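Below you'll find the structure, written out as structure tokens, and then a few comments.
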Amino acid sequence: MRVLFNNHTPFSLAHGGAQIQTECTMQALSQIGVPTDHFRWWDDRQSGEILHQVGVMPLPVMRRARERGWRVVQTPLLTETCNRSDRELFVRRLGVSALLAVPGLRQLHDRLPWQAYRECDLTIVGLEAERMVLERVYGVPPERVAVVPLGLSETFLNPGPPVRTEPHLICTGTIGPLKNSLELARLAVAAQTPMLFVGKPFDYASAYWKEFHALVDDRFVKHQPHVGNDGLVDWLRRARGYVLMSRNENWSLAAHEAAACGLPMLLPDQRWSRERFGDQAAYFSKKLGDASVTALRKFYDQCPSLGAPKVRLLSWREVAEQLRGHYERLLAGRARS
């Protein structure tokens, strides 16, 4: 068995979770004896048995790979969709069903990105909320969907006891609109709660970064450029608590790293956060404005008496072992057919 990995986002253009997921998964698979390689689109002699796309695989690529005899796996990030309300998901399901019911529109169907969900041999997601969307909204058969959590490096799985001696809360991740970094910085100022942001923007020349950086006063808004895992663990262990206010997430590596380091958490009230942390975390109100300021200040004041969520955290090796089982079942099915 040889698994070829492809990624929809060039690492040199956008750092972040997709890069970490791809690199750590490939490394862990290799450690348990599953050969892996990056998919070299220019190499017509590259061999493999499974093509695994991190992201949604373009339908033409999927079909050509299957014609070649490869099994196709994809790991999409249903970040926005899986956090929609029940009403919004119901409306989307009606729209999908209506389009599929129109006869003679094969070319239209092929232009719809979610058609790849229906044709892929296996779609792997990290959350039950994402599985629900694939099955109920897009009509993907249950046997073609699997839930495999993401892992953490050994540095985060064995961080040592939390110290929590710093007066600031901490937020880790890319400084950008999707993380609501600017909005959270403004909340920190309004609530007068010291907040340390650890991360970097995609573009230091962007207007968003400049506006964020203008709020950095080393009192209520602090900033530390991205650091390696050892340095990040140290910052997390010493912080008062962890805050994330992303517009949408699915499996948040940053939140799980913070939980592993022993921090109480204040999170956006979304499907992913409720599924993963339940009543063990504090949540922002879904209403913006004064309610968010109040939630942040309340969390800051209560942090000394709060503990970290107790959720199961997997190593990348454990993730790789789950993936190997799914790969083996796919190849066994091909042999029987």
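Each chain of the structure tokens is named A, B, ... in the order shown, its residues numbered from 1; ligands are numbered from 1 in display order.
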For the structure I just gave you, how does DSSP split range 50-283 of chain A - specifically, which residues are strand (DSSP E or B)? Reply as number ranges by chain. A: 50-55, 71-75, 122-125, 145-147, 151-152, 169-172, 195-198, 221-224, 242-243, 265-267, 282-283
Convert the current residue selection to file output with N, CA, C and O atoms, as a compact mmCIF listing (two decimals), in the first residue's frame.
# COMPACT_ATOMS: atom_id res chain seq x y z
N ILE A 50 -3.47 4.68 -3.34
CA ILE A 50 -4.48 5.57 -2.77
C ILE A 50 -4.03 7.00 -2.98
O ILE A 50 -2.88 7.35 -2.69
N LEU A 51 -4.92 7.84 -3.48
CA LEU A 51 -4.67 9.27 -3.60
C LEU A 51 -5.52 9.97 -2.56
O LEU A 51 -6.75 9.90 -2.59
N HIS A 52 -4.86 10.63 -1.61
CA HIS A 52 -5.54 11.27 -0.48
C HIS A 52 -5.39 12.78 -0.62
O HIS A 52 -4.29 13.32 -0.51
N GLN A 53 -6.52 13.44 -0.84
CA GLN A 53 -6.54 14.90 -0.99
C GLN A 53 -6.92 15.54 0.33
O GLN A 53 -7.95 15.21 0.93
N VAL A 54 -6.10 16.48 0.82
CA VAL A 54 -6.47 17.29 1.97
C VAL A 54 -7.18 18.52 1.41
O VAL A 54 -6.56 19.45 0.91
N GLY A 55 -8.49 18.51 1.48
CA GLY A 55 -9.33 19.46 0.78
C GLY A 55 -10.28 18.69 -0.12
O GLY A 55 -10.34 17.45 -0.08
N ARG A 71 -7.62 4.13 -5.47
CA ARG A 71 -8.71 4.51 -4.59
C ARG A 71 -8.51 5.98 -4.20
O ARG A 71 -7.38 6.44 -4.03
N VAL A 72 -9.61 6.69 -4.03
CA VAL A 72 -9.54 8.13 -3.79
C VAL A 72 -10.16 8.45 -2.42
O VAL A 72 -11.28 8.04 -2.11
N VAL A 73 -9.39 9.20 -1.62
CA VAL A 73 -9.81 9.65 -0.30
C VAL A 73 -9.66 11.16 -0.25
O VAL A 73 -8.73 11.72 -0.83
N GLN A 74 -10.58 11.83 0.41
CA GLN A 74 -10.43 13.27 0.58
C GLN A 74 -10.79 13.67 2.01
O GLN A 74 -11.60 13.02 2.66
N THR A 75 -10.14 14.72 2.48
CA THR A 75 -10.41 15.27 3.80
C THR A 75 -10.77 16.73 3.64
O THR A 75 -9.90 17.61 3.71
N LEU A 122 -13.99 7.54 -0.30
CA LEU A 122 -14.12 7.75 1.13
C LEU A 122 -13.81 9.21 1.45
O LEU A 122 -12.79 9.75 1.03
N THR A 123 -14.71 9.84 2.19
CA THR A 123 -14.48 11.19 2.68
C THR A 123 -14.28 11.12 4.19
O THR A 123 -15.13 10.60 4.91
N ILE A 124 -13.15 11.63 4.64
CA ILE A 124 -12.78 11.57 6.06
C ILE A 124 -12.91 12.97 6.65
O ILE A 124 -12.37 13.94 6.10
N VAL A 125 -13.61 13.08 7.76
CA VAL A 125 -13.80 14.35 8.45
C VAL A 125 -13.43 14.18 9.92
O VAL A 125 -13.26 13.05 10.40
N VAL A 145 -18.29 7.65 4.46
CA VAL A 145 -17.87 8.73 5.35
C VAL A 145 -17.25 8.11 6.59
O VAL A 145 -17.78 7.14 7.14
N ALA A 146 -16.13 8.67 7.04
CA ALA A 146 -15.49 8.23 8.27
C ALA A 146 -15.07 9.45 9.08
O ALA A 146 -14.70 10.48 8.52
N VAL A 147 -15.15 9.32 10.39
CA VAL A 147 -14.71 10.39 11.29
C VAL A 147 -13.39 9.98 11.92
O VAL A 147 -13.31 8.96 12.61
N GLY A 151 -4.59 14.81 15.40
CA GLY A 151 -3.71 14.46 16.51
C GLY A 151 -2.94 15.66 17.01
O GLY A 151 -3.03 16.76 16.49
N LEU A 152 -2.16 15.40 18.05
CA LEU A 152 -1.25 16.39 18.60
C LEU A 152 0.15 15.79 18.68
O LEU A 152 0.31 14.58 18.82
N LEU A 169 -4.61 36.53 29.18
CA LEU A 169 -5.19 35.44 28.42
C LEU A 169 -4.35 35.26 27.15
O LEU A 169 -3.53 36.11 26.81
N ILE A 170 -4.58 34.17 26.43
CA ILE A 170 -3.79 33.91 25.23
C ILE A 170 -4.68 33.44 24.10
O ILE A 170 -5.66 32.72 24.31
N CYS A 171 -4.35 33.88 22.89
CA CYS A 171 -5.01 33.42 21.67
C CYS A 171 -3.92 33.06 20.67
O CYS A 171 -3.02 33.87 20.41
N THR A 172 -3.95 31.85 20.13
CA THR A 172 -2.92 31.40 19.20
C THR A 172 -3.51 31.16 17.82
O THR A 172 -4.67 30.79 17.69
N MET A 195 -4.53 40.48 26.75
CA MET A 195 -4.62 39.38 25.79
C MET A 195 -3.32 39.29 25.00
O MET A 195 -2.89 40.28 24.39
N LEU A 196 -2.70 38.12 25.01
CA LEU A 196 -1.51 37.88 24.21
C LEU A 196 -1.89 37.10 22.96
O LEU A 196 -2.46 36.01 23.06
N PHE A 197 -1.59 37.65 21.80
CA PHE A 197 -1.81 36.97 20.53
C PHE A 197 -0.47 36.37 20.08
O PHE A 197 0.52 37.09 19.94
N VAL A 198 -0.47 35.07 19.84
CA VAL A 198 0.74 34.39 19.36
C VAL A 198 0.45 33.89 17.95
O VAL A 198 -0.40 33.01 17.75
N VAL A 221 -3.36 44.57 24.73
CA VAL A 221 -3.13 43.79 23.50
C VAL A 221 -1.61 43.60 23.34
O VAL A 221 -0.87 44.55 23.12
N LYS A 222 -1.20 42.34 23.45
CA LYS A 222 0.20 41.99 23.30
C LYS A 222 0.34 41.08 22.08
O LYS A 222 -0.61 40.38 21.71
N HIS A 223 1.51 41.07 21.48
CA HIS A 223 1.71 40.22 20.32
C HIS A 223 3.07 39.56 20.38
O HIS A 223 4.08 40.19 20.69
N GLN A 224 3.07 38.26 20.08
CA GLN A 224 4.30 37.48 19.99
C GLN A 224 4.28 36.76 18.65
O GLN A 224 3.33 36.03 18.35
N TYR A 242 -7.34 30.52 27.87
CA TYR A 242 -7.27 30.52 26.40
C TYR A 242 -8.56 31.06 25.80
O TYR A 242 -9.66 30.72 26.27
N VAL A 243 -8.42 31.88 24.76
CA VAL A 243 -9.58 32.47 24.09
C VAL A 243 -9.47 32.26 22.59
O VAL A 243 -8.40 32.47 21.99
N MET A 265 -11.05 27.53 28.84
CA MET A 265 -11.25 28.01 27.48
C MET A 265 -12.53 28.83 27.34
O MET A 265 -13.56 28.48 27.91
N LEU A 266 -12.41 29.90 26.56
CA LEU A 266 -13.56 30.70 26.13
C LEU A 266 -13.62 30.61 24.62
O LEU A 266 -12.68 31.01 23.93
N LEU A 267 -14.74 30.08 24.08
CA LEU A 267 -14.82 29.71 22.66
C LEU A 267 -16.07 30.30 22.02
O LEU A 267 -17.04 30.64 22.72
N ALA A 282 -16.28 27.77 28.49
CA ALA A 282 -17.14 28.95 28.48
C ALA A 282 -17.31 29.40 27.03
O ALA A 282 -16.46 29.12 26.18
N TYR A 283 -18.42 30.09 26.75
CA TYR A 283 -18.73 30.45 25.37
C TYR A 283 -19.12 31.92 25.25
O TYR A 283 -19.78 32.47 26.13
Kindly assemble as JSON lines a list of the range 237-316 of chain A residues that lie within 12 Å of range 15-33 of chain A, each paired with its nearest atom pair and their distance in Å to one decimal, using only C-alpha atoms, sorted first by chain and then by ascending residue number.
{"residue": "A:Glu249", "atom": "CA", "partner": "A:Gly17", "partner_atom": "CA", "distance": 10.9}
{"residue": "A:Asn250", "atom": "CA", "partner": "A:Gly17", "partner_atom": "CA", "distance": 10.8}
{"residue": "A:Trp251", "atom": "CA", "partner": "A:Gly17", "partner_atom": "CA", "distance": 9.4}
{"residue": "A:Ser252", "atom": "CA", "partner": "A:Gly17", "partner_atom": "CA", "distance": 8.2}
{"residue": "A:Leu253", "atom": "CA", "partner": "A:Gly17", "partner_atom": "CA", "distance": 7.0}
{"residue": "A:Ala254", "atom": "CA", "partner": "A:Gly17", "partner_atom": "CA", "distance": 8.7}
{"residue": "A:Ala255", "atom": "CA", "partner": "A:Gly17", "partner_atom": "CA", "distance": 11.8}
{"residue": "A:Ser315", "atom": "CA", "partner": "A:Ala28", "partner_atom": "CA", "distance": 9.1}
{"residue": "A:Trp316", "atom": "CA", "partner": "A:Ala28", "partner_atom": "CA", "distance": 5.9}
Go ahead and save the residues from that selection, with all heavy atoms, as a compact mmCIF listing (two decimals), in the first residue's frame.
# COMPACT_ATOMS: atom_id res chain seq x y z
N GLU A 249 -14.90 27.27 12.68
CA GLU A 249 -13.83 26.28 12.82
C GLU A 249 -14.45 24.91 12.54
O GLU A 249 -15.65 24.76 12.45
CB GLU A 249 -13.24 26.29 14.23
CG GLU A 249 -12.43 27.51 14.60
CD GLU A 249 -11.01 27.46 14.09
OE1 GLU A 249 -10.61 26.41 13.53
OE2 GLU A 249 -10.28 28.45 14.27
N ASN A 250 -13.59 23.91 12.40
CA ASN A 250 -14.10 22.55 12.51
C ASN A 250 -13.31 21.84 13.61
O ASN A 250 -13.70 21.87 14.76
CB ASN A 250 -14.10 21.80 11.18
CG ASN A 250 -12.78 21.89 10.45
OD1 ASN A 250 -11.77 22.28 11.02
ND2 ASN A 250 -12.78 21.54 9.19
N TRP A 251 -12.20 21.23 13.30
CA TRP A 251 -11.36 20.66 14.35
C TRP A 251 -10.24 21.66 14.61
O TRP A 251 -9.31 21.78 13.83
CB TRP A 251 -10.81 19.31 13.94
CG TRP A 251 -9.99 18.68 15.02
CD1 TRP A 251 -8.70 18.97 15.34
CD2 TRP A 251 -10.42 17.70 15.96
NE1 TRP A 251 -8.29 18.23 16.41
CE2 TRP A 251 -9.33 17.43 16.81
CE3 TRP A 251 -11.61 17.01 16.16
CZ2 TRP A 251 -9.40 16.50 17.84
CZ3 TRP A 251 -11.67 16.09 17.17
CH2 TRP A 251 -10.58 15.84 18.00
N SER A 252 -10.32 22.39 15.68
CA SER A 252 -9.34 23.44 15.97
C SER A 252 -8.13 22.85 16.67
O SER A 252 -8.18 22.48 17.84
CB SER A 252 -9.96 24.53 16.84
OG SER A 252 -8.97 25.43 17.29
N LEU A 253 -7.01 22.76 15.94
CA LEU A 253 -5.77 22.30 16.55
C LEU A 253 -5.36 23.21 17.70
O LEU A 253 -4.92 22.75 18.76
CB LEU A 253 -4.65 22.24 15.50
CG LEU A 253 -4.61 21.01 14.61
CD1 LEU A 253 -3.60 21.21 13.49
CD2 LEU A 253 -4.26 19.77 15.41
N ALA A 254 -5.50 24.52 17.49
CA ALA A 254 -5.08 25.48 18.51
C ALA A 254 -5.83 25.28 19.82
O ALA A 254 -5.24 25.32 20.91
CB ALA A 254 -5.27 26.90 17.98
N ALA A 255 -7.14 25.06 19.73
CA ALA A 255 -7.93 24.87 20.94
C ALA A 255 -7.54 23.60 21.67
O ALA A 255 -7.46 23.56 22.91
CB ALA A 255 -9.42 24.84 20.58
N SER A 315 -2.55 11.08 19.67
CA SER A 315 -1.28 11.35 19.02
C SER A 315 -1.46 11.19 17.52
O SER A 315 -2.42 10.56 17.04
CB SER A 315 -0.21 10.37 19.52
OG SER A 315 -0.51 9.04 19.07
N TRP A 316 -0.54 11.74 16.75
CA TRP A 316 -0.61 11.56 15.30
C TRP A 316 -0.44 10.09 14.92
O TRP A 316 -0.98 9.63 13.90
CB TRP A 316 0.45 12.42 14.60
CG TRP A 316 0.08 13.87 14.57
CD1 TRP A 316 0.65 14.88 15.28
CD2 TRP A 316 -0.98 14.47 13.81
NE1 TRP A 316 0.01 16.08 15.00
CE2 TRP A 316 -0.98 15.86 14.11
CE3 TRP A 316 -1.93 13.99 12.91
CZ2 TRP A 316 -1.89 16.75 13.53
CZ3 TRP A 316 -2.83 14.87 12.35
CH2 TRP A 316 -2.81 16.23 12.65
Apply DSSP to the backbone of this structure and, from range 73-239 of chain A, keep only the residues in alpha helix (DSSP H); write these as a PyMOL selection string. chain A and resi 86-101+106-111+115-119+128-132+154-157+181-191+207-213+229-238
Could you give me, as CSV, a per-residue list for range 46-156 of chain A showing, wherever an atom lies at most 10 Å from an atom of range 228-232 of chain A, the closest pair of atoms and their distance in Å to one decimal, using only C-alpha atoms and sorting by chain then residue number from low to high?
residue,atom,partner,partner_atom,distance
A:Ser153,CA,A:Asn229,CA,8.6
A:Glu154,CA,A:Asn229,CA,9.8
A:Thr155,CA,A:Asp230,CA,6.7
A:Phe156,CA,A:Asn229,CA,7.8
Using only C-alpha atoms: which of A:Val91, A:Val293, A:Ala65, A:Val216 has the shortest distance to Val137 in chain A: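 Result for the nearest residue to Val137 in chain A: A:Val91.
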Shell of 9 Å around Thr165 in chain A, only C-alpha atoms, local chain residues under 4 positions omitted, as number ranges by chain: A: 237-240
Writing out the chosen residues with all heavy atoms as a PDB file, in the first residue's frame:
ATOM      1  N   ARG A 237       1.324  27.266  28.834  1.00  0.00           N
ATOM      2  CA  ARG A 237       1.340  26.813  30.233  1.00  0.00           C
ATOM      3  C   ARG A 237       1.332  27.979  31.220  1.00  0.00           C
ATOM      4  O   ARG A 237       0.836  27.862  32.336  1.00  0.00           O
ATOM      5  CB  ARG A 237       2.555  25.933  30.489  1.00  0.00           C
ATOM      6  CG  ARG A 237       2.497  24.575  29.818  1.00  0.00           C
ATOM      7  CD  ARG A 237       3.780  23.778  30.035  1.00  0.00           C
ATOM      8  NE  ARG A 237       4.029  23.562  31.454  1.00  0.00           N
ATOM      9  CZ  ARG A 237       5.140  23.948  32.090  1.00  0.00           C
ATOM     10  NH1 ARG A 237       6.089  24.605  31.440  1.00  0.00           N
ATOM     11  NH2 ARG A 237       5.283  23.693  33.377  1.00  0.00           N
ATOM     12  N   ARG A 238       1.881  29.115  30.798  1.00  0.00           N
ATOM     13  CA  ARG A 238       1.986  30.255  31.704  1.00  0.00           C
ATOM     14  C   ARG A 238       0.795  31.215  31.621  1.00  0.00           C
ATOM     15  O   ARG A 238       0.662  32.119  32.456  1.00  0.00           O
ATOM     16  CB  ARG A 238       3.296  31.010  31.426  1.00  0.00           C
ATOM     17  CG  ARG A 238       4.540  30.212  31.818  1.00  0.00           C
ATOM     18  CD  ARG A 238       5.812  31.040  31.772  1.00  0.00           C
ATOM     19  NE  ARG A 238       6.255  31.307  30.408  1.00  0.00           N
ATOM     20  CZ  ARG A 238       6.378  32.518  29.886  1.00  0.00           C
ATOM     21  NH1 ARG A 238       6.038  33.593  30.589  1.00  0.00           N
ATOM     22  NH2 ARG A 238       6.811  32.684  28.656  1.00  0.00           N
ATOM     23  N   ALA A 239      -0.056  31.040  30.610  1.00  0.00           N
ATOM     24  CA  ALA A 239      -1.171  31.973  30.424  1.00  0.00           C
ATOM     25  C   ALA A 239      -2.281  31.731  31.445  1.00  0.00           C
ATOM     26  O   ALA A 239      -2.409  30.660  32.032  1.00  0.00           O
ATOM     27  CB  ALA A 239      -1.719  31.850  29.008  1.00  0.00           C
ATOM     28  N   ARG A 240      -3.107  32.738  31.620  1.00  0.00           N
ATOM     29  CA  ARG A 240      -4.222  32.677  32.578  1.00  0.00           C
ATOM     30  C   ARG A 240      -5.363  31.810  32.044  1.00  0.00           C
ATOM     31  O   ARG A 240      -6.030  31.076  32.785  1.00  0.00           O
ATOM     32  CB  ARG A 240      -4.725  34.100  32.836  1.00  0.00           C
ATOM     33  CG  ARG A 240      -5.815  34.263  33.898  1.00  0.00           C
ATOM     34  CD  ARG A 240      -6.213  35.721  33.988  1.00  0.00           C
ATOM     35  NE  ARG A 240      -7.241  35.997  34.971  1.00  0.00           N
ATOM     36  CZ  ARG A 240      -7.004  36.447  36.208  1.00  0.00           C
ATOM     37  NH1 ARG A 240      -5.761  36.672  36.597  1.00  0.00           N
ATOM     38  NH2 ARG A 240      -8.006  36.699  37.036  1.00  0.00           N
TER      39      ARG A 240
END
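In this comparison, which uses only C-alpha atoms, the residue of A:Lys298, A:Arg136, A:Arg164, A:Lys310 approaching Val96 in chain A most closely is A:Arg136.
The environment of Pro264 in chain A within 6 Å, counting only C-alpha atoms and disregarding residues fewer than 6 places along the same chain, consists of A:Gly241, A:Leu306, A:Gly307, A:Ala308.
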Dump as a JSON list (two decimals), in the first residue's frame, selection limited to N, CA and C atoms:
[["chain", "number", "residue", "atom", "x", "y", "z"],
["A", 241, "GLY", "N", -5.61, 31.89, 30.74],
["A", 241, "GLY", "CA", -6.66, 31.13, 30.10],
["A", 241, "GLY", "C", -6.56, 31.29, 28.60],
["A", 306, "LEU", "N", -11.09, 28.03, 37.31],
["A", 306, "LEU", "CA", -11.50, 27.13, 36.24],
["A", 306, "LEU", "C", -10.37, 26.20, 35.84],
["A", 307, "GLY", "N", -10.74, 25.00, 35.40],
["A", 307, "GLY", "CA", -9.77, 24.04, 34.91],
["A", 307, "GLY", "C", -9.93, 23.80, 33.42],
["A", 308, "ALA", "N", -9.02, 23.04, 32.87],
["A", 308, "ALA", "CA", -9.05, 22.73, 31.44],
["A", 308, "ALA", "C", -10.10, 21.66, 31.14]]
List the spatial neighbours of Ser273 in chain A as an NGL selection string - criterion: any atom at most 12 Å away, only C-alpha atoms, same-chain residues fewer than 2 positions off excluded. :A and (79 or 82-83 or 127-129 or 244-253 or 255-256 or 265-271 or 275-284 or 309 or 311)
Can you tell me, as JSON, numbers by chain, what residues are no more than 12 Å from Glu143 in chain A when counting only C-alpha atoms, ignoring any on the same chain fewer than 5 positions away? {"A": [118, 120, 121, 122, 123, 124, 131, 134, 135, 326, 329, 330, 333]}
Given only C-alpha atoms as the basis, pick out the residue of A:Pro149, A:Gly139, A:Pro161, A:Pro76 nearest to Glu318 in chain A.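 Checking each candidate against Glu318 in chain A, we get A:Pro149 as the closest.
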So, with only C-alpha atoms as the atoms that count, which of A:Glu321, A:Asp301, A:Asp110, A:Asp86 lies closest to Leu150 in chain A? A:Glu321
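Near Phe212 in chain A, within a cut-off of 9 Å and counting only C-alpha atoms, sit the residues Ile175, Gly176, Ser181, Leu182, Glu183, Ala185, Arg186, Ala207, Tyr208 and Val216 of chain A, with same-chain residues fewer than 4 positions away left out.
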Write the residues you've just listed into a file as an mmCIF file, in the first residue's frame, and include C-alpha atoms for each of them.
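Listing of result_22.cif after writing:
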data_model
loop_
_atom_site.group_PDB
_atom_site.id
_atom_site.type_symbol
_atom_site.label_atom_id
_atom_site.label_comp_id
_atom_site.auth_asym_id
_atom_site.auth_seq_id
_atom_site.Cartn_x
_atom_site.Cartn_y
_atom_site.Cartn_z
ATOM 1 C CA ILE A 175 -3.662 36.860 12.685
ATOM 2 C CA GLY A 176 -6.453 37.407 10.193
ATOM 3 C CA SER A 181 -8.148 38.704 15.578
ATOM 4 C CA LEU A 182 -8.892 42.398 15.192
ATOM 5 C CA GLU A 183 -12.330 42.071 16.747
ATOM 6 C CA ALA A 185 -8.200 42.740 20.228
ATOM 7 C CA ARG A 186 -10.882 45.425 20.366
ATOM 8 C CA ALA A 207 -4.547 46.624 5.930
ATOM 9 C CA TYR A 208 -5.968 44.091 8.405
ATOM 10 C CA VAL A 216 -0.828 46.449 20.247
#
What does the structure give for the distance between CA of Phe39 in chain A and CA of Phe5 in chain A, in Å to one decimal?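 One can read the CA of Phe39 in chain A to CA of Phe5 in chain A distance as 5.4 Å.
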